[in-house]
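Below is upload_14.cif, which holds mmCIF, C-alpha atoms.
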data_work
loop_
_atom_site.group_PDB
_atom_site.id
_atom_site.type_symbol
_atom_site.label_atom_id
_atom_site.label_comp_id
_atom_site.auth_asym_id
_atom_site.auth_seq_id
_atom_site.Cartn_x
_atom_site.Cartn_y
_atom_site.Cartn_z
ATOM 1 C CA MET P 1 -7.078 136.790 -29.172
ATOM 2 C CA LYS P 2 -6.789 138.150 -25.632
ATOM 3 C CA CYS P 3 -3.885 140.138 -24.191
ATOM 4 C CA GLU P 4 -3.019 137.154 -22.033
ATOM 5 C CA GLU P 5 -2.703 134.811 -25.006
ATOM 6 C CA MET P 6 -0.732 137.379 -26.867
ATOM 7 C CA LEU P 7 1.770 137.650 -23.998
ATOM 8 C CA ALA P 8 2.299 133.903 -24.110
ATOM 9 C CA MET P 9 3.254 134.159 -27.776
ATOM 10 C CA LEU P 10 5.397 137.241 -27.460
ATOM 11 C CA ASN P 11 8.702 135.381 -27.815
ATOM 12 C CA ASP P 12 7.656 133.598 -30.972
ATOM 13 C CA TYR P 13 6.471 136.869 -32.419
ATOM 14 C CA VAL P 14 9.569 138.954 -31.728
ATOM 15 C CA ASP P 15 11.895 136.073 -32.669
ATOM 16 C CA GLY P 16 10.020 135.533 -35.920
ATOM 17 C CA THR P 17 9.225 131.898 -35.135
ATOM 18 C CA ILE P 18 5.465 132.376 -34.826
ATOM 19 C CA ASP P 19 3.115 130.256 -36.874
ATOM 20 C CA PRO P 20 2.000 132.436 -39.839
ATOM 21 C CA SER P 21 -1.697 131.816 -39.211
ATOM 22 C CA VAL P 22 -1.317 132.845 -35.560
ATOM 23 C CA CYS P 23 0.819 135.787 -36.588
ATOM 24 C CA GLU P 24 -2.081 137.339 -38.421
ATOM 25 C CA GLU P 25 -4.281 137.081 -35.343
ATOM 26 C CA PHE P 26 -1.479 138.493 -33.247
ATOM 27 C CA GLU P 27 -1.123 141.498 -35.484
ATOM 28 C CA GLN P 28 -4.851 142.050 -35.620
ATOM 29 C CA HIS P 29 -4.927 142.111 -31.844
ATOM 30 C CA MET P 30 -2.067 144.580 -31.705
ATOM 31 C CA ALA P 31 -3.703 146.876 -34.226
ATOM 32 C CA GLY P 32 -6.626 147.277 -31.853
ATOM 33 C CA CYS P 33 -4.734 147.190 -28.570
ATOM 34 C CA ASN P 34 -2.331 150.009 -27.928
ATOM 35 C CA PRO P 35 -0.909 148.662 -24.628
ATOM 36 C CA CYS P 36 0.073 145.397 -26.312
ATOM 37 C CA GLN P 37 1.627 147.272 -29.176
ATOM 38 C CA VAL P 38 3.751 149.339 -26.803
ATOM 39 C CA VAL P 39 4.778 146.235 -24.851
ATOM 40 C CA VAL P 40 5.959 144.566 -28.050
ATOM 41 C CA ASP P 41 7.951 147.696 -28.982
ATOM 42 C CA ASN P 42 9.462 147.864 -25.501
ATOM 43 C CA ILE P 43 10.470 144.201 -25.634
ATOM 44 C CA ARG P 44 12.148 144.663 -29.004
ATOM 45 C CA GLN P 45 14.021 147.713 -27.733
ATOM 46 C CA THR P 46 15.034 145.857 -24.578
ATOM 47 C CA ILE P 47 16.521 143.006 -26.608
ATOM 48 C CA THR P 48 18.296 145.444 -28.928
ATOM 49 C CA LEU P 49 19.905 147.244 -26.003
ATOM 50 C CA TYR P 50 21.278 144.027 -24.556
ATOM 51 C CA LYS P 51 22.445 142.729 -27.906
ATOM 52 C CA ASN P 52 24.482 145.908 -28.301
ATOM 53 C CA ASP P 53 25.878 145.796 -24.801
ATOM 54 C CA GLN P 54 29.675 145.720 -24.941
ATOM 55 C CA PRO P 55 31.557 142.892 -23.257
ATOM 56 C CA TYR P 56 33.748 143.627 -20.253
ATOM 57 C CA GLU P 57 37.485 144.019 -20.725
ATOM 58 C CA LEU P 58 39.676 141.495 -18.965
ATOM 59 C CA PRO P 59 41.769 142.985 -16.182
ATOM 60 C CA VAL P 60 45.253 143.423 -17.716
ATOM 61 C CA ARG P 61 46.932 141.312 -15.045
ATOM 62 C CA PHE P 62 44.455 138.512 -15.663
ATOM 63 C CA LYS P 63 44.856 138.623 -19.433
ATOM 64 C CA GLU P 64 48.590 138.100 -19.026
ATOM 65 C CA GLN P 65 48.049 135.301 -16.555
ATOM 66 C CA LEU P 66 45.561 133.601 -18.853
ATOM 67 C CA HIS P 67 47.859 133.649 -21.852
ATOM 68 C CA GLU P 68 50.789 132.403 -19.795
ATOM 69 C CA ALA P 69 48.662 129.513 -18.582
ATOM 70 C CA LEU P 70 47.614 128.730 -22.144
ATOM 71 C CA ARG P 71 51.195 128.692 -23.387
ATOM 72 C CA ALA P 72 52.268 126.413 -20.538
ATOM 73 C CA LYS P 73 49.428 124.015 -21.203
ATOM 74 C CA TRP P 74 50.151 124.115 -24.921
ATOM 75 C CA GLN P 75 53.739 123.064 -24.405
ATOM 76 C CA GLU P 76 52.631 120.254 -22.187
ATOM 77 C CA LYS P 77 50.102 119.085 -24.761
ATOM 78 C CA PHE P 78 52.317 119.189 -27.800
ATOM 79 C CA SER P 79 55.524 117.970 -26.200
ATOM 80 C CA THR P 80 53.915 114.731 -25.027
ATOM 81 C CA LYS P 81 52.253 113.988 -28.358
ATOM 82 C CA MET M 1 45.343 140.345 -37.329
ATOM 83 C CA ALA M 2 44.401 142.614 -40.176
ATOM 84 C CA PRO M 3 41.918 140.641 -42.274
ATOM 85 C CA GLU M 4 40.028 138.385 -39.897
ATOM 86 C CA THR M 5 40.915 134.745 -40.353
ATOM 87 C CA ALA M 6 37.816 132.566 -39.977
ATOM 88 C CA ASP M 7 37.418 130.632 -36.736
ATOM 89 C CA ASP M 8 37.353 127.326 -38.591
ATOM 90 C CA GLU M 9 40.685 127.947 -40.164
ATOM 91 C CA LEU M 10 42.244 128.987 -36.872
ATOM 92 C CA VAL M 11 40.849 125.832 -35.285
ATOM 93 C CA VAL M 12 42.414 123.663 -37.985
ATOM 94 C CA ARG M 13 45.749 125.378 -37.517
ATOM 95 C CA ALA M 14 45.539 125.124 -33.732
ATOM 96 C CA LYS M 15 44.773 121.418 -33.994
ATOM 97 C CA ALA M 16 47.881 121.073 -36.121
ATOM 98 C CA GLY M 17 49.917 122.554 -33.299
ATOM 99 C CA GLU M 18 50.072 126.241 -34.076
ATOM 100 C CA LEU M 19 49.969 128.085 -30.771
ATOM 101 C CA PHE M 20 49.536 131.452 -32.472
ATOM 102 C CA ALA M 21 46.247 130.272 -33.990
ATOM 103 C CA PHE M 22 44.920 129.217 -30.607
ATOM 104 C CA GLU M 23 45.997 132.463 -29.017
ATOM 105 C CA SER M 24 44.212 134.350 -31.760
ATOM 106 C CA LEU M 25 41.036 132.484 -30.915
ATOM 107 C CA ALA M 26 41.568 133.263 -27.242
ATOM 108 C CA ASN M 27 42.109 136.949 -28.030
ATOM 109 C CA ARG M 28 38.962 136.945 -30.096
ATOM 110 C CA TYR M 29 36.671 135.357 -27.518
ATOM 111 C CA GLU M 30 38.140 135.923 -24.075
ATOM 112 C CA LYS M 31 36.079 139.064 -23.491
ATOM 113 C CA ARG M 32 32.836 137.307 -24.325
ATOM 114 C CA VAL M 33 33.663 134.341 -22.133
ATOM 115 C CA TYR M 34 34.746 136.580 -19.264
ATOM 116 C CA SER M 35 31.658 138.792 -19.597
ATOM 117 C CA LEU M 36 29.327 135.824 -19.645
ATOM 118 C CA ALA M 37 30.996 134.396 -16.535
ATOM 119 C CA LEU M 38 30.985 137.763 -14.795
ATOM 120 C CA ARG M 39 27.313 138.351 -15.549
ATOM 121 C CA MET M 40 26.391 134.826 -14.501
ATOM 122 C CA LEU M 41 28.433 134.829 -11.300
ATOM 123 C CA ARG M 42 28.660 138.507 -10.374
ATOM 124 C CA HIS M 43 32.081 137.918 -8.859
ATOM 125 C CA GLU M 44 35.339 138.929 -10.553
ATOM 126 C CA GLN M 45 37.622 136.248 -9.162
ATOM 127 C CA ASP M 46 35.124 133.502 -9.960
ATOM 128 C CA ALA M 47 34.694 134.904 -13.459
ATOM 129 C CA GLU M 48 38.461 134.861 -14.004
ATOM 130 C CA ASP M 49 38.674 131.268 -12.776
ATOM 131 C CA VAL M 50 35.879 130.209 -15.090
ATOM 132 C CA THR M 51 37.475 132.019 -18.041
ATOM 133 C CA GLN M 52 40.817 130.350 -17.481
ATOM 134 C CA GLN M 53 39.233 126.933 -17.012
ATOM 135 C CA THR M 54 37.234 127.425 -20.186
ATOM 136 C CA PHE M 55 40.244 128.113 -22.388
ATOM 137 C CA LEU M 56 42.381 125.428 -20.769
ATOM 138 C CA SER M 57 39.591 122.941 -21.264
ATOM 139 C CA ALA M 58 39.063 124.082 -24.858
ATOM 140 C CA LEU M 59 42.766 123.601 -25.497
ATOM 141 C CA GLU M 60 42.709 120.159 -23.980
ATOM 142 C CA HIS M 61 39.616 119.041 -25.866
ATOM 143 C CA LEU M 62 40.285 120.815 -29.108
ATOM 144 C CA ASP M 63 40.593 117.522 -30.980
ATOM 145 C CA GLY M 64 37.087 116.658 -29.854
ATOM 146 C CA PHE M 65 35.665 119.835 -31.379
ATOM 147 C CA ARG M 66 33.999 118.730 -34.588
ATOM 148 C CA GLY M 67 32.523 122.032 -35.572
ATOM 149 C CA GLU M 68 28.819 121.048 -35.511
ATOM 150 C CA ALA M 69 28.231 124.225 -33.558
ATOM 151 C CA GLY M 70 30.442 127.229 -34.131
ATOM 152 C CA PHE M 71 33.605 127.611 -32.100
ATOM 153 C CA ALA M 72 32.095 130.495 -30.108
ATOM 154 C CA THR M 73 29.037 128.446 -29.189
ATOM 155 C CA TRP M 74 31.246 125.546 -28.151
ATOM 156 C CA LEU M 75 33.347 127.828 -25.938
ATOM 157 C CA LEU M 76 30.312 129.480 -24.379
ATOM 158 C CA ARG M 77 28.918 126.060 -23.592
ATOM 159 C CA ILE M 78 32.126 125.071 -21.797
ATOM 160 C CA ALA M 79 32.060 128.370 -19.911
ATOM 161 C CA THR M 80 28.421 127.880 -18.948
ATOM 162 C CA HIS M 81 29.151 124.445 -17.515
ATOM 163 C CA ALA M 82 32.087 125.775 -15.539
ATOM 164 C CA ALA M 83 30.024 128.664 -14.191
ATOM 165 C CA LEU M 84 27.122 126.385 -13.263
ATOM 166 C CA LYS M 85 29.564 124.280 -11.277
ATOM 167 C CA VAL M 86 30.563 127.340 -9.288
ATOM 168 C CA ILE M 87 26.902 128.155 -8.681
ATOM 169 C CA ARG M 88 26.157 124.626 -7.527
ATOM 170 C CA LYS M 89 29.055 124.740 -5.131
ATOM 171 C CA ARG M 90 27.872 128.048 -3.751
ATOM 172 C CA ASP M 91 24.436 126.638 -3.226
ATOM 173 C CA GLY M 92 25.926 123.632 -1.488
ATOM 174 C CA LEU M 93 24.582 121.315 -4.115
ATOM 175 C CA ASP M 94 27.854 119.635 -5.062
ATOM 176 C CA THR M 95 26.273 116.234 -5.381
ATOM 177 C CA VAL M 96 23.223 117.272 -7.355
ATOM 178 C CA SER M 97 23.142 116.739 -11.085
ATOM 179 C CA LEU M 98 23.201 119.623 -13.504
ATOM 180 C CA GLU M 99 19.561 119.089 -14.371
ATOM 181 C CA ALA M 100 18.462 119.107 -10.782
ATOM 182 C CA ALA M 101 20.434 122.263 -10.104
ATOM 183 C CA THR M 102 19.002 124.160 -13.001
ATOM 184 C CA GLU M 103 15.654 122.612 -13.822
ATOM 185 C CA SER M 104 14.141 123.452 -10.403
ATOM 186 C CA THR M 105 10.418 123.923 -10.040
ATOM 187 C CA GLU M 106 9.158 125.956 -12.929
ATOM 188 C CA SER M 107 5.534 125.143 -12.014
ATOM 189 C CA ASP M 108 2.935 127.052 -13.888
ATOM 190 C CA GLU M 109 3.142 130.414 -12.260
ATOM 191 C CA SER M 110 1.401 132.807 -14.563
ATOM 192 C CA ILE M 111 3.311 135.163 -16.797
ATOM 193 C CA PRO M 112 3.929 138.511 -15.102
ATOM 194 C CA HIS M 113 1.644 141.226 -16.427
ATOM 195 C CA PRO M 114 3.202 144.363 -17.809
ATOM 196 C CA GLU M 115 2.551 147.174 -15.331
ATOM 197 C CA TYR M 116 4.399 150.212 -16.560
ATOM 198 C CA ILE M 117 3.545 150.594 -20.213
ATOM 199 C CA ALA M 118 4.967 153.614 -22.012
ATOM 200 C CA ASP M 119 6.913 154.501 -25.112
ATOM 201 C CA TRP M 120 10.589 155.018 -24.446
ATOM 202 C CA SER M 121 11.658 158.610 -24.741
ATOM 203 C CA GLN M 122 14.795 157.648 -26.668
ATOM 204 C CA SER M 123 15.593 155.046 -29.282
ATOM 205 C CA PRO M 124 17.963 152.174 -28.451
ATOM 206 C CA GLY M 125 20.465 153.768 -30.816
ATOM 207 C CA GLU M 126 20.491 156.979 -28.790
ATOM 208 C CA LEU M 127 20.540 155.052 -25.526
ATOM 209 C CA VAL M 128 23.523 152.886 -26.452
ATOM 210 C CA ALA M 129 25.586 156.045 -26.892
ATOM 211 C CA ARG M 130 24.918 157.137 -23.313
ATOM 212 C CA ASN M 131 27.101 156.110 -20.393
ATOM 213 C CA GLU M 132 24.236 155.721 -17.937
ATOM 214 C CA THR M 133 22.633 153.111 -20.135
ATOM 215 C CA ARG M 134 25.352 150.596 -19.433
ATOM 216 C CA SER M 135 24.891 150.700 -15.677
ATOM 217 C CA LEU M 136 21.114 150.745 -16.032
ATOM 218 C CA ILE M 137 20.950 147.589 -18.099
ATOM 219 C CA GLU M 138 23.625 145.778 -16.094
ATOM 220 C CA GLU M 139 21.730 146.571 -12.896
ATOM 221 C CA ALA M 140 18.430 145.403 -14.319
ATOM 222 C CA LEU M 141 20.103 142.176 -15.403
ATOM 223 C CA ALA M 142 21.658 141.669 -11.990
ATOM 224 C CA GLN M 143 18.252 141.938 -10.364
ATOM 225 C CA LEU M 144 16.842 138.988 -12.274
ATOM 226 C CA ASP M 145 16.680 135.582 -10.638
ATOM 227 C CA GLU M 146 19.686 133.515 -11.533
ATOM 228 C CA LYS M 147 17.676 131.010 -13.569
ATOM 229 C CA HIS M 148 16.090 133.723 -15.665
ATOM 230 C CA ARG M 149 19.289 135.722 -15.994
ATOM 231 C CA ILE M 150 21.349 132.808 -17.288
ATOM 232 C CA VAL M 151 18.830 131.899 -19.974
ATOM 233 C CA PHE M 152 18.587 135.535 -21.078
ATOM 234 C CA LEU M 153 22.377 135.899 -21.195
ATOM 235 C CA LEU M 154 22.857 132.902 -23.443
ATOM 236 C CA ARG M 155 19.918 133.582 -25.714
ATOM 237 C CA ASP M 156 19.736 137.354 -26.049
ATOM 238 C CA VAL M 157 23.153 138.636 -25.042
ATOM 239 C CA GLU M 158 25.278 135.870 -26.570
ATOM 240 C CA GLY M 159 22.859 135.075 -29.360
ATOM 241 C CA LEU M 160 22.603 131.313 -28.924
ATOM 242 C CA SER M 161 19.476 129.683 -30.341
ATOM 243 C CA VAL M 162 16.800 128.289 -28.029
ATOM 244 C CA THR M 163 18.071 124.784 -28.811
ATOM 245 C CA GLU M 164 21.683 125.684 -28.093
ATOM 246 C CA THR M 165 20.674 127.402 -24.857
ATOM 247 C CA ALA M 166 18.691 124.342 -23.806
ATOM 248 C CA THR M 167 21.650 122.059 -24.566
ATOM 249 C CA ALA M 168 24.125 124.248 -22.706
ATOM 250 C CA LEU M 169 21.939 124.324 -19.608
ATOM 251 C CA GLY M 170 20.561 120.801 -19.713
ATOM 252 C CA LEU M 171 17.034 122.201 -19.818
ATOM 253 C CA SER M 172 14.088 121.413 -22.046
ATOM 254 C CA GLU M 173 13.395 123.898 -24.819
ATOM 255 C CA ALA M 174 9.967 124.566 -23.327
ATOM 256 C CA ASN M 175 11.606 125.520 -20.063
ATOM 257 C CA VAL M 176 14.090 127.796 -21.819
ATOM 258 C CA LYS M 177 11.223 129.563 -23.572
ATOM 259 C CA VAL M 178 9.277 130.136 -20.377
ATOM 260 C CA ARG M 179 12.317 131.488 -18.563
ATOM 261 C CA LEU M 180 13.253 133.677 -21.489
ATOM 262 C CA LEU M 181 9.785 135.194 -21.603
ATOM 263 C CA ARG M 182 9.878 135.979 -17.878
ATOM 264 C CA ALA M 183 13.348 137.464 -18.199
ATOM 265 C CA ARG M 184 12.381 139.664 -21.133
ATOM 266 C CA LEU M 185 9.197 140.856 -19.457
ATOM 267 C CA GLN M 186 10.952 141.658 -16.205
ATOM 268 C CA LEU M 187 13.715 143.545 -17.963
ATOM 269 C CA ARG M 188 11.169 145.411 -20.035
ATOM 270 C CA GLU M 189 9.349 146.412 -16.867
ATOM 271 C CA ARG M 190 12.497 147.687 -15.130
ATOM 272 C CA LEU M 191 13.861 149.512 -18.137
ATOM 273 C CA THR M 192 10.530 151.092 -19.000
ATOM 274 C CA THR M 193 10.166 152.406 -15.448
ATOM 275 C CA THR M 194 13.330 154.412 -16.068
ATOM 276 C CA LEU M 195 13.300 154.959 -19.816
ATOM 277 C CA GLY M 196 9.574 155.280 -20.407
ATOM 278 C CA ASP M 197 8.192 158.682 -21.246
ATOM 279 C CA PRO M 198 5.743 159.375 -18.358
ATOM 280 C CA ALA M 199 3.567 161.466 -20.673
ATOM 281 C CA SER M 200 2.911 158.474 -22.898
ATOM 282 C CA ARG M 201 2.231 156.101 -20.013
ATOM 283 C CA ILE M 202 -0.821 153.950 -20.558
ATOM 284 C CA LYS M 203 -2.857 153.519 -17.415
ATOM 285 C CA GLN M 204 -4.508 150.171 -17.244
ATOM 286 C CA ALA M 205 -8.151 151.155 -17.342
ATOM 287 C CA HIS M 206 -8.137 148.547 -20.003
ATOM 288 C CA HIS M 207 -7.958 145.251 -18.149
ATOM 289 C CA HIS M 208 -5.166 143.046 -19.342
ATOM 290 C CA GLY M 209 -6.253 139.461 -19.362
#

Could the structure of this file be written out as structure tokens, please?
Amino acid sequence: MKCEEMLAMLNDYVDGTIDPSVCEEFEQHMAGCNPCQVVVDNIRQTITLYKNDQPYELPVRFKEQLHEALRAKWQEKFSTK
Amino acid sequence: MAPETADDELVVRAKAGELFAFESLANRYEKRVYSLALRMLRHEQDAEDVTQQTFLSALEHLDGFRGEAGFATWLLRIATHAALKVIRKRDGLDTVSLEAATESTESDESIPHPEYIADWSQSPGELVARNETRSLIEEALAQLDEKHRIVFLLRDVEGLSVTETATALGLSEANVKVRLLRARLQLRERLTTTLGDPASRIKQAHHHG
């Protein structure tokens, strides 16, 4: 397996959806190719960082506005039922 | 809400007319919806509009929610559609279908080669605890092309599956995978340039390819 081919299969490898027979080849390549190994590590770390990224808080004014709008719509919905 | 009531149960109660149940769902997911919209659109007012539309639409169509996908996935899908509409309008593509707006030419450009290859000097766990990390990763995300950023947001930030991401965007799964790979590689490149330990940098004497 070449580095190029390994890049193309990177997603399947880090997501654990790679074909087991290909996985073995993939890991063999990595064992002998330090750059590829580091790239795979980097990609995993990148994904982990984003997965742990906290969501943004709603501006307080907007949160109030949103809930008011929901209550108004709710009344409309359930009063006409 | 002390012990978390499951989404499904709140949905059932909301369908039966209990406003409190619906508001609990809104409280639970409004930050995720708002963050997705904000990261997709990079504009606060637009993100607020999309968030409000999403919850109003969810309320209106609650009876149509059958629970095949989870409630969060359903909401994020509504939010994605609303945000894509804003993007289409911005691009002046009001009359173009969702597919045409998003499926644009993927062609077979080759996969970008990793340039800066180095071990990170800190673990993600250590990085998450640092304030600078937030702005670093948000900036790197903002620099991605819209089409790559949106796929990455749904798949890796929001945790949708490839299939769910494809459905939400009206793209083929193959297309989602290609865009996701580009997004991940580009983010890796940008983050490694900053977070990589220069001493461990691997110079490409070794020819990738």

Quick one: residues within 10 Å of region 145-152 of chain M, only C-alpha atoms counted, chain neighbours fewer than 3 positions away excluded, as a PDB file with C-alpha atoms, in the frame of the given file?
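And here is the file that came out, out.pdb:
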ATOM      1  CA  ILE P  47      16.521 143.006 -26.608  1.00  0.00           C
ATOM      2  CA  TYR P  50      21.278 144.027 -24.556  1.00  0.00           C
TER       3      TYR P  50
ATOM      4  CA  LEU M  36      29.327 135.824 -19.645  1.00  0.00           C
ATOM      5  CA  ALA M  37      30.996 134.396 -16.535  1.00  0.00           C
ATOM      6  CA  ARG M  39      27.313 138.351 -15.549  1.00  0.00           C
ATOM      7  CA  MET M  40      26.391 134.826 -14.501  1.00  0.00           C
ATOM      8  CA  LEU M  41      28.433 134.829 -11.300  1.00  0.00           C
ATOM      9  CA  THR M  80      28.421 127.880 -18.948  1.00  0.00           C
ATOM     10  CA  LEU M  84      27.122 126.385 -13.263  1.00  0.00           C
ATOM     11  CA  ILE M  87      26.902 128.155  -8.681  1.00  0.00           C
ATOM     12  CA  ALA M 101      20.434 122.263 -10.104  1.00  0.00           C
ATOM     13  CA  THR M 102      19.002 124.160 -13.001  1.00  0.00           C
ATOM     14  CA  GLU M 103      15.654 122.612 -13.822  1.00  0.00           C
ATOM     15  CA  SER M 104      14.141 123.452 -10.403  1.00  0.00           C
ATOM     16  CA  GLU M 106       9.158 125.956 -12.929  1.00  0.00           C
ATOM     17  CA  ALA M 140      18.430 145.403 -14.319  1.00  0.00           C
ATOM     18  CA  LEU M 141      20.103 142.176 -15.403  1.00  0.00           C
ATOM     19  CA  ALA M 142      21.658 141.669 -11.990  1.00  0.00           C
ATOM     20  CA  ARG M 155      19.918 133.582 -25.714  1.00  0.00           C
ATOM     21  CA  ASP M 156      19.736 137.354 -26.049  1.00  0.00           C
ATOM     22  CA  VAL M 157      23.153 138.636 -25.042  1.00  0.00           C
ATOM     23  CA  GLU M 158      25.278 135.870 -26.570  1.00  0.00           C
ATOM     24  CA  GLY M 159      22.859 135.075 -29.360  1.00  0.00           C
ATOM     25  CA  LEU M 160      22.603 131.313 -28.924  1.00  0.00           C
ATOM     26  CA  VAL M 162      16.800 128.289 -28.029  1.00  0.00           C
ATOM     27  CA  THR M 165      20.674 127.402 -24.857  1.00  0.00           C
ATOM     28  CA  ALA M 166      18.691 124.342 -23.806  1.00  0.00           C
ATOM     29  CA  ALA M 168      24.125 124.248 -22.706  1.00  0.00           C
ATOM     30  CA  LEU M 169      21.939 124.324 -19.608  1.00  0.00           C
ATOM     31  CA  LEU M 171      17.034 122.201 -19.818  1.00  0.00           C
ATOM     32  CA  ASN M 175      11.606 125.520 -20.063  1.00  0.00           C
ATOM     33  CA  VAL M 176      14.090 127.796 -21.819  1.00  0.00           C
ATOM     34  CA  LYS M 177      11.223 129.563 -23.572  1.00  0.00           C
ATOM     35  CA  VAL M 178       9.277 130.136 -20.377  1.00  0.00           C
ATOM     36  CA  ARG M 179      12.317 131.488 -18.563  1.00  0.00           C
ATOM     37  CA  LEU M 180      13.253 133.677 -21.489  1.00  0.00           C
ATOM     38  CA  LEU M 181       9.785 135.194 -21.603  1.00  0.00           C
ATOM     39  CA  ARG M 182       9.878 135.979 -17.878  1.00  0.00           C
ATOM     40  CA  ALA M 183      13.348 137.464 -18.199  1.00  0.00           C
ATOM     41  CA  ARG M 184      12.381 139.664 -21.133  1.00  0.00           C
ATOM     42  CA  GLN M 186      10.952 141.658 -16.205  1.00  0.00           C
ATOM     43  CA  LEU M 187      13.715 143.545 -17.963  1.00  0.00           C
TER      44      LEU M 187
END

What do you get, as an MDAnalysis selection string, if you spell out every residue that the PyMOL selection byres ((chain P and resi 23) around 12) selects here?
-> chainID P and resid 1 6 9:22 24:30

Can you give me, as a PyMOL selection string, the residues this file yields under the PyMOL selection byres ((chain P) within 8 of (chain M))?
-> chain P and resi 2-4+7-8+10-11+35+38-39+41-43+45-53+55-58+62+66-67+69-71+73-74+77-78

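One distance worth recording is that between CA of Gly64 (chain M) and CA of Ala82 (chain M), which is 17.7 Å.
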
Just give me the gap between CA of Arg77 (chain M) and CA of Glu76 (chain P) in Å, one decimal is fine.
-> 24.5 Å

Selected residue, from M:Arg66, M:Tyr29, M:Ile78, M:Glu132, that lies nearest to Lys63 (chain P) when counting all atoms listed in the file = M:Tyr29

Work out how far CA of Gln37 (chain P) is from CA of Glu5 (chain P), in Å to one decimal.
->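 Rounded to one decimal, the two atoms are 13.8 Å apart.
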
Using only C-alpha atoms, which of the listed residues (M:Asp63, M:Ala199, M:Ser161, M:Arg88) sits closest to Glu173 (chain M)?
->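 Checking each of M:Asp63, M:Ala199, M:Ser161, M:Arg88 against Glu173 (chain M), counting only C-alpha atoms, the winner is M:Ser161.
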
Specify the axis-aligned box that encloses all atoms of region 160-175 of chain M listed in the file after padding of 8 Å on each side, stating its centre and edge lengths in Å to one decimal as JSON.
{"center_x": 17.0, "center_y": 126.1, "center_z": -25.0, "size_x": 30.2, "size_y": 26.5, "size_z": 26.7}

For region 37-51 of chain P, supply N, CA and C atoms and report the output as a JSON list (two decimals), in the coordinates of the input.
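As a result, result13.json now contains:
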[["chain", "number", "residue", "atom", "x", "y", "z"],
["P", 37, "GLN", "N", 0.71, 146.77, -28.16],
["P", 37, "GLN", "CA", 1.63, 147.27, -29.18],
["P", 37, "GLN", "C", 2.87, 147.89, -28.53],
["P", 38, "VAL", "N", 2.64, 148.69, -27.49],
["P", 38, "VAL", "CA", 3.75, 149.34, -26.80],
["P", 38, "VAL", "C", 4.63, 148.30, -26.11],
["P", 39, "VAL", "N", 4.00, 147.29, -25.52],
["P", 39, "VAL", "CA", 4.78, 146.24, -24.85],
["P", 39, "VAL", "C", 5.69, 145.54, -25.86],
["P", 40, "VAL", "N", 5.16, 145.22, -27.02],
["P", 40, "VAL", "CA", 5.96, 144.57, -28.05],
["P", 40, "VAL", "C", 7.14, 145.46, -28.46],
["P", 41, "ASP", "N", 6.87, 146.75, -28.65],
["P", 41, "ASP", "CA", 7.95, 147.70, -28.98],
["P", 41, "ASP", "C", 9.01, 147.71, -27.89],
["P", 42, "ASN", "N", 8.55, 147.83, -26.65],
["P", 42, "ASN", "CA", 9.46, 147.86, -25.50],
["P", 42, "ASN", "C", 10.35, 146.62, -25.46],
["P", 43, "ILE", "N", 9.73, 145.47, -25.70],
["P", 43, "ILE", "CA", 10.47, 144.20, -25.63],
["P", 43, "ILE", "C", 11.55, 144.18, -26.72],
["P", 44, "ARG", "N", 11.17, 144.62, -27.91],
["P", 44, "ARG", "CA", 12.15, 144.66, -29.00],
["P", 44, "ARG", "C", 13.31, 145.58, -28.65],
["P", 45, "GLN", "N", 12.98, 146.75, -28.09],
["P", 45, "GLN", "CA", 14.02, 147.71, -27.73],
["P", 45, "GLN", "C", 14.91, 147.15, -26.62],
["P", 46, "THR", "N", 14.28, 146.46, -25.68],
["P", 46, "THR", "CA", 15.03, 145.86, -24.58],
["P", 46, "THR", "C", 16.07, 144.88, -25.14],
["P", 47, "ILE", "N", 15.61, 144.00, -26.03],
["P", 47, "ILE", "CA", 16.52, 143.01, -26.61],
["P", 47, "ILE", "C", 17.65, 143.70, -27.38],
["P", 48, "THR", "N", 17.27, 144.72, -28.16],
["P", 48, "THR", "CA", 18.30, 145.44, -28.93],
["P", 48, "THR", "C", 19.37, 146.05, -28.02],
["P", 49, "LEU", "N", 18.94, 146.64, -26.93],
["P", 49, "LEU", "CA", 19.90, 147.24, -26.00],
["P", 49, "LEU", "C", 20.90, 146.21, -25.49],
["P", 50, "TYR", "N", 20.38, 145.06, -25.10],
["P", 50, "TYR", "CA", 21.28, 144.03, -24.56],
["P", 50, "TYR", "C", 22.16, 143.41, -25.63],
["P", 51, "LYS", "N", 21.62, 143.28, -26.83],
["P", 51, "LYS", "CA", 22.44, 142.73, -27.91],
["P", 51, "LYS", "C", 23.63, 143.65, -28.20]]
